[in-house]
Structures are given as C-alpha cells and as structure tokens.
Amino acid sequence: MTYRKNPQTNPSENSFQYLTAALDIRPFDQPATKFILVVIARHRNGKTGLCCPSLARLIKYTGFSKRTILRALAILRDADLLSHQKGWSNVHSKGVPNKYTLNLSRMKELAVAGDTTAPTNDRSEEHTSE
C-alpha cells in the first residue's frame with residue numbers, strides 16, 4: 001500500500017513537533033479537549049501527515065465517553081486546530097478510521113511561551129483592604 005503525501009504536510013516537520021505543540025497549547029475550558037488533541041497528535045503518521053485514530057481508540061486511550069470526545073473534536077475544529085475527514089465502517093469490514101490533519105501553525109499561535117499555568121481571572125487586587 002502506498003501513501004499519498006498530504007499537501008499540507010511539510011516534510012521537515014516531524015511528529016514530535018506536533019506532539020510538543022499540542023502539549024504547549026494553553027489549557028482549554030475543558031481539560032479533556034487538550035488531552036484528546038495530544039492523543040491525536042501522538043497518532044500522527046510522519047509520511048502522510050494524517051492522524052488516524054478511530055473513535056474506539058480515542059475512547060480506549062483517554063477513558064472518556066464518546067460524547068466527551070465528539071464535543072472536544074468539535075471544539076478543536078472550531079479553534080482551527082484540526083480538520084476532520086469522516087471514516088466509514090459496516091458489519092462486513094473494519095472500514096476506514098477517521099482522518100485528522102493538525103494545524104501546526106495554529107497550535108504554535110496558541111502556545112504558552114514557557115508558561116504552563118492556566119490563565120486565571122484573579123480579581124483579588126480589586127478587593128484589597130486599605
């Protein structure tokens with residue numbers, strides 16, 4: 001089987017860069033979203049640039065429900081962090097898993113430069129006593 005190169009994939013970008021970028025992104029409102037992005041990045045194929053974990057594999061690796069994963073995928077698509085091509089299956093064959101393409105430049109835009117803490121809305125300065 002031969003794989004077609006993904007036109008959005010730069011050969012100089014290896015899978016480690018995608019995994020690191022996913023880890024460096026600011027936290028989302030739902031922590032599951034970032035974890036699912038990291039798991040998808042972990043499944044990136046360096047030759048094709050595609051990430052092809054099935055929904056069952058995402059459930060197995062994360063321990064999250066199908067609903068949580070689908071919600072997180074929608075958030076990631078809306079944030080332009082990944083694009084999605086739906087796979088297929090039927091009772092007669094294993095089928096083709098979903099295919100995800102990660103947007104490395106967008107991931108780098110959302111990266112926290114050296115700061116791994118979640119952004120806070122600290123209002124304690126407004127209510128200081130004199």
# chains A, B, ... in the order shown; residues from 1 in each chain; ligands from 1
call {"tool": "residues_around", "arguments": {"residues": "stretch 107-113 of chain A", "least_positions_apart": "3", "cutoff": "6 Å", "atoms": "only C-alpha atoms", "output": "PyMOL selection string"}}
result
chain A and resi 21+24-26+104
call {"tool": "residues_around", "arguments": {"residues": "A:Asp80", "least_positions_apart": "6", "cutoff": "9 Å", "atoms": "only C-alpha atoms", "output": "number ranges by chain"}}
result
A: 102-103, 106-107
call {"tool": "residues_around", "arguments": {"residues": "A:Ala72", "least_positions_apart": "4", "cutoff": "9 Å", "atoms": "only C-alpha atoms", "output": "VMD selection string"}}
result
chain A and resid 30 32 to 34 36 to 37 67 to 68 76 to 77
call {"tool": "select_by_dssp", "arguments": {"residues": "stretch 18-125 of chain A", "states": "strand (DSSP E or B)", "output": "list in words"}}
result
Ile25, Arg44, Cys51, Leu82, Ser83, His84, Gln85, Trp88, Ser89, Asn90, Ser93, Lys94, Gly95, Val96, Lys99, Tyr100, Thr101, Leu102 and Ala111 of chain A
